[in-house]
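Chemist: The following block contains the structure, expressed as structure tokens.
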Amino acid sequence: MVREIHPEVCFAGLAGNPLTHNKKKVAGFEERRAVLREVWPNIDVLIEDALTKERRKHVGRDDVLDAAVAALTACQDEKLLRTLPEKRREDGHGLPMEMVYTAARL
């Protein structure tokens, strides 16, 4: 099954509230990395590996964190996932129109 996420929704879900800093700024990067560390203790190794192997013009620092939170969400047990909107809606083809995220700390 393919489902949709939005990184900022996922970060807010994990943090328990919307994040306060712009993800493109150092404070925003660190804020998001701290949220990931709470549920993925060795995430720094993966982040640093990605940042040293990829050129900044191809992959932004925030893109690495967005990919990490998407991967984390994709690996969660279905019981831990929440959706926006809460009540499922479908498009004209019967496909779900929702974003999934993990609620609060795992």
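Letters for chains follow the order of the structure tokens (A, B, ...), residue numbers begin at 1 for each chain, and ligand numbers begin at 1 in the order shown.
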Among stretch 36-105 of chain A, which residues carry a DSSP assignment of strand (DSSP E or B), reported as a PyMOL selection string?

Modeler: chain A and resi 81-84+90+96+99-102

Chemist: Identify, on the basis of only C-alpha atoms, every residue whose closest approach to A:Leu95 does not exceed 12 Å; exclude the query and any residue fewer than 4 positions from it along the same chain; express the result as a PyMOL selection string.

Modeler: chain A and resi 1-4+88-91

Chemist: Given the choices A:Asp77, A:Glu98, A:Glu86, A:Glu48, which gets closest to A:Leu65 if the distance is worked out from only C-alpha atoms?

Modeler: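 Under the stated criterion, the closest residue is A:Glu48.
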
Chemist: Give me the residues near A:Lys23 as a list in words, where near means some atom within 12 Å (using only C-alpha atoms) and where sequence neighbours in that chain fewer than 2 positions away do not count.

Modeler: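 Skipping anything fewer than 2 positions along the chain leaves Pro7, Glu8, Phe11, Pro18, Leu19, Thr20, His21, Lys25, Val26, Ala27, Gly28, Phe29, Glu30, Glu31, Arg32, Arg33, Gly60, Arg61, Asp62, Asp63, Val64, Leu65 and Asp66 of chain A.
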
Chemist: Could you dump the residues just selected with C-alpha atoms as a PDB file, in the first residue's frame?

Modeler:
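Saved to result.pdb:
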ATOM      1  CA  PRO A   7       7.386  15.865   6.785  1.00  0.00           C
ATOM      2  CA  GLU A   8       6.194  18.778   8.914  1.00  0.00           C
ATOM      3  CA  PHE A  11       7.632  16.016  12.898  1.00  0.00           C
ATOM      4  CA  PRO A  18       4.202  21.978  15.695  1.00  0.00           C
ATOM      5  CA  LEU A  19       7.890  22.833  15.559  1.00  0.00           C
ATOM      6  CA  THR A  20       8.847  26.461  16.031  1.00  0.00           C
ATOM      7  CA  HIS A  21      11.890  27.042  13.833  1.00  0.00           C
ATOM      8  CA  LYS A  25      17.726  27.479   9.407  1.00  0.00           C
ATOM      9  CA  VAL A  26      20.277  25.879  11.741  1.00  0.00           C
ATOM     10  CA  ALA A  27      17.862  26.070  14.693  1.00  0.00           C
ATOM     11  CA  GLY A  28      15.177  24.305  12.662  1.00  0.00           C
ATOM     12  CA  PHE A  29      17.576  21.599  11.527  1.00  0.00           C
ATOM     13  CA  GLU A  30      18.684  20.971  15.112  1.00  0.00           C
ATOM     14  CA  GLU A  31      15.099  21.042  16.387  1.00  0.00           C
ATOM     15  CA  ARG A  32      14.073  18.359  13.896  1.00  0.00           C
ATOM     16  CA  ARG A  33      17.195  16.288  14.493  1.00  0.00           C
ATOM     17  CA  GLY A  60      19.626  20.047   1.176  1.00  0.00           C
ATOM     18  CA  ARG A  61      20.243  19.412   4.877  1.00  0.00           C
ATOM     19  CA  ASP A  62      16.526  19.623   5.527  1.00  0.00           C
ATOM     20  CA  ASP A  63      15.846  17.107   2.742  1.00  0.00           C
ATOM     21  CA  VAL A  64      17.880  14.498   4.626  1.00  0.00           C
ATOM     22  CA  LEU A  65      15.742  14.995   7.738  1.00  0.00           C
ATOM     23  CA  ASP A  66      12.534  14.952   5.684  1.00  0.00           C
TER      24      ASP A  66
END

Chemist: Between atom CA of A:Arg56 and atom CA of A:Thr102, what is the distance, to one decimal in Å?

Modeler: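 About the pair atom CA of A:Arg56 and atom CA of A:Thr102: they are 28.7 Å apart.
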
Chemist: Quick one: residues within 12 Å of A:Lys87, only C-alpha atoms counted, chain neighbours fewer than 5 positions away excluded, as a VMD selection string?

Modeler: chain A and resid 82 96 to 100

Chemist: In Å, rounded to a single decimal, give me how far atom CA of A:Ala74 is from atom CA of A:Leu36.

Modeler: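 For atom CA of A:Leu36 relative to atom CA of A:Ala74, the distance reads 14.0 Å.
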
Chemist: Using only C-alpha atoms, find the one residue out of A:Ala50, A:Ala103, A:Leu72, A:Ala67 that sits nearest to A:Leu84.

Modeler: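 When distances to A:Leu84 are compared using only C-alpha atoms, the smallest one comes from A:Ala103.
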
Chemist: Quick one: DSSP helix (DSSP H, G or I) residues in chain A, as a ChimeraX atom specification?

Modeler: /A:7-15,26-39,43-53,61-74,78-80

Chemist: Tell me which of A:Asp44, A:Val69, A:Lys79, A:His93 sits closest to A:Ala15, counting only C-alpha atoms.

Modeler: A:Val69
